[in-house]
Amino acid sequence: MGLLRIERICDLPDDLLLRILLLIPTKDAVATGILSKRWRCVWKMLPELAFKHDDQGSESFVWFVDKSLQHHKAPKLVSLVVELGPQCPPVDDVDVRKWVDKAVNHGVKKLDFNLLLTTGEPTSLPQSLYTCDSLVSLTLSNQILVDVSFPANLPSLSYLKLAYVVYKDEESLARLLSSSPVLKQLVVRRPGKDDNLKNFTVKVPSLKSFTYLTEEEEEEEEEEEEDDYLTGSLVIDCPGLKFLEVSDDRRRDSLSLMNNFICLDTAATTLIVNNDAEKFLRCLSSAIRLNLFFTESMVACLKTIEFPRVTDFVFNAAFSLYWLEPLLCLLQKFSKLKTLAVQAI
C-alpha cells in the first residue's frame, strides 16, 4: 500500500510536487532527491529556499547551503532565507557573496540574511545586492556590514529591516535609503550601546511605516552613568508617514522630526523629549492614535497645540511629574477621544 501511494505521488505533475515541497523545510525538500530518479531534480526547481542552522554545531551546514545553491536550477529564485546560528562556524565572505549573487541573478524578490555568529568580523555583502532591480523585501540581521560606498539602486524595494547590523558609516545608510524610491516600511533595531553609528538619519519621502527600537540592557547595567551610553541623534524626514514607533530610552539619542505628519494614523514613542518639545508635539498632532511619554517641557506647551483627530490616547508620565492637571488640560484638546489609558512610569 505504501509503495502504491508513493507511485501515485510520483505521477503528479511537477507544479503540484513543488507546492508540496514548499510546505516542508528546505533541508527535507532537498533530501527527497534521493527517493528516485523522478524526485532527483524536482527540488532544484523550488522558487523559495530557506536555510536555517539548527544550532547543533554542524560544520557541514555552510557546505550544504553552498552545494544546494550550486545545484538549484529554477529560472527564478523568488525568496532566499539564510540563518546561521551562534554555534555555526565562521562563514567566509566569499561564500555569502556567491549566495547573494545567485539570488540576485535569478530575480530574487525577498532576501533575508541573519548571521547570528559569535566570532569573526561582520560579513560584507556584494555590490550586486544594492543594485538589484527585482528586490522587494530585504532583511539584514546581526553580523552584517552595511557598506554602500558606491551608487546604489533598489527601484522595487518596499520593505527593509536592519537589525543590529554594523554600518560602515553614515553615508552608507544614506545611500541605501536614498536608493529606494518606493520604500514603504522600514524597521530598525539597534543595540542600546556600543553602536558604531552616532547619527541616524531617515530621509525617505515614500515611507509610510517606521519602527525604531533599541535593545533593552540587563538590569545590572541600568545604574550605569549616562556618559557610558552613546549619545547621538535620530532625524526623521518622512512627510508621508502613517505609522511611527520609536523606543529609544536606552541610547538617549535626541530626536528631530522634520515634518508635520499630516497623514499620521499611529504614533508611539518612549522618548524623553526635553528640547523642542513644542515642535515635537506639533509634528504628531495629526495622529489618530497616540502613545507618548510626557515630560515637564512637553506639558508646558500643551495649551498652544490642538489634536483634532485623536481617538485613542495613552498618556505616560514619570512618577515625579504632577500629571493630573496637564492631562485634564490635554483632554480638552481631544474632541474625538474614545479611549484613554494613563501610565505612571
# chains A, B, ... in the order shown; residues from 1 in each chain; ligands from 1
>>> residues_around(residues="region 140-144 of chain A", least_positions_apart="6", cutoff="7 Å", atoms="only C-alpha atoms", output="count of residues only")
15
>>> residues_around(residues="region 207-209 of chain A", least_positions_apart="5", cutoff="9 Å", atoms="only C-alpha atoms", output="MDAnalysis selection string")
chainID A and resid 158 181:187 238:245 263:264
>>> select_by_dssp(residues="region 36-152 of chain A", states="strand (DSSP E)", output="list in words")
Glu48, Leu49, Ala50, Phe51, Lys52, Ser79, Leu80, Val81, Val82, Glu83, Leu84, Lys110, Leu111, Asp112, Phe113, Asn114, Leu115, Thr123, Ser124, Ser137, Leu138, Thr139, Leu140, Ser141, Asn142, Ile144, Leu145 and Val146 of chain A
>>> closest_residue(among="A:Ser335, A:Arg309, A:Thr270, A:Met298", to="Ser286 (chain A)", atoms="only C-alpha atoms")
A:Arg309
>>> select_by_dssp(residues="region 83-239 of chain A", states="alpha helix (DSSP H)", output="PyMOL selection string")
chain A and resi 93-105+170-178
>>> write_last_selection(atoms="N, CA, C and O atoms", output="compact mmCIF listing (two decimals), in the first residue's frame")
# COMPACT_ATOMS: atom_id res chain seq x y z
N ASP A 93 33.29 35.38 3.68
CA ASP A 93 32.61 36.40 2.88
C ASP A 93 32.38 35.93 1.45
O ASP A 93 31.37 36.26 0.83
N VAL A 94 33.32 35.15 0.95
CA VAL A 94 33.23 34.66 -0.43
C VAL A 94 31.98 33.81 -0.60
O VAL A 94 31.26 33.90 -1.61
N ASP A 95 31.70 32.94 0.38
CA ASP A 95 30.52 32.08 0.30
C ASP A 95 29.24 32.92 0.27
O ASP A 95 28.36 32.70 -0.57
N VAL A 96 29.14 33.86 1.20
CA VAL A 96 27.94 34.68 1.28
C VAL A 96 27.76 35.50 0.01
O VAL A 96 26.64 35.65 -0.50
N ARG A 97 28.84 36.03 -0.53
CA ARG A 97 28.75 36.79 -1.78
C ARG A 97 28.22 35.92 -2.92
O ARG A 97 27.39 36.37 -3.72
N LYS A 98 28.67 34.67 -2.97
CA LYS A 98 28.17 33.75 -4.00
C LYS A 98 26.67 33.52 -3.84
O LYS A 98 25.93 33.48 -4.83
N TRP A 99 26.23 33.34 -2.61
CA TRP A 99 24.82 33.08 -2.36
C TRP A 99 23.97 34.28 -2.78
O TRP A 99 22.93 34.11 -3.42
N VAL A 100 24.41 35.47 -2.41
CA VAL A 100 23.65 36.67 -2.76
C VAL A 100 23.64 36.89 -4.26
O VAL A 100 22.60 37.19 -4.86
N ASP A 101 24.80 36.71 -4.90
CA ASP A 101 24.87 36.88 -6.36
C ASP A 101 23.95 35.89 -7.07
O ASP A 101 23.30 36.24 -8.06
N LYS A 102 23.89 34.65 -6.55
CA LYS A 102 23.00 33.64 -7.12
C LYS A 102 21.55 34.11 -7.07
O LYS A 102 20.81 34.03 -8.06
N ALA A 103 21.15 34.63 -5.91
CA ALA A 103 19.78 35.10 -5.74
C ALA A 103 19.49 36.30 -6.65
O ALA A 103 18.44 36.35 -7.31
N VAL A 104 20.40 37.26 -6.68
CA VAL A 104 20.20 38.46 -7.49
C VAL A 104 20.10 38.10 -8.97
O VAL A 104 19.24 38.62 -9.70
N ASN A 105 20.96 37.21 -9.43
CA ASN A 105 20.96 36.81 -10.84
C ASN A 105 19.73 36.02 -11.24
O ASN A 105 19.48 35.83 -12.44
N GLU A 170 27.85 56.78 8.12
CA GLU A 170 26.54 57.39 7.94
C GLU A 170 26.18 57.51 6.47
O GLU A 170 25.00 57.43 6.10
N GLU A 171 27.19 57.69 5.63
CA GLU A 171 26.93 57.81 4.19
C GLU A 171 26.36 56.51 3.61
O GLU A 171 25.53 56.54 2.70
N SER A 172 26.82 55.38 4.13
CA SER A 172 26.31 54.09 3.64
C SER A 172 24.81 53.96 3.91
O SER A 172 24.05 53.50 3.06
N LEU A 173 24.39 54.36 5.12
CA LEU A 173 22.97 54.33 5.43
C LEU A 173 22.20 55.29 4.52
O LEU A 173 21.14 54.93 3.99
N ALA A 174 22.73 56.48 4.33
CA ALA A 174 22.05 57.47 3.48
C ALA A 174 21.91 56.97 2.05
O ALA A 174 20.84 57.14 1.43
N ARG A 175 22.95 56.36 1.51
CA ARG A 175 22.89 55.85 0.13
C ARG A 175 21.88 54.71 0.02
O ARG A 175 21.15 54.61 -0.98
N LEU A 176 21.85 53.85 1.02
CA LEU A 176 20.91 52.73 0.99
C LEU A 176 19.48 53.23 0.96
O LEU A 176 18.65 52.77 0.16
N LEU A 177 19.15 54.18 1.80
CA LEU A 177 17.79 54.69 1.87
C LEU A 177 17.42 55.51 0.63
O LEU A 177 16.31 55.40 0.10
N SER A 178 18.35 56.33 0.17
CA SER A 178 18.05 57.18 -1.00
C SER A 178 17.95 56.37 -2.29
O SER A 178 17.39 56.85 -3.27
>>> atom_distance(atom1="CA of Val314 (chain A)", atom2="CA of Phe210 (chain A)")
19.3 Å
>>> closest_residue(among="A:Ser206, A:Phe315, A:Lys37, A:Leu49", to="Leu21 (chain A)", atoms="only C-alpha atoms")
A:Leu49
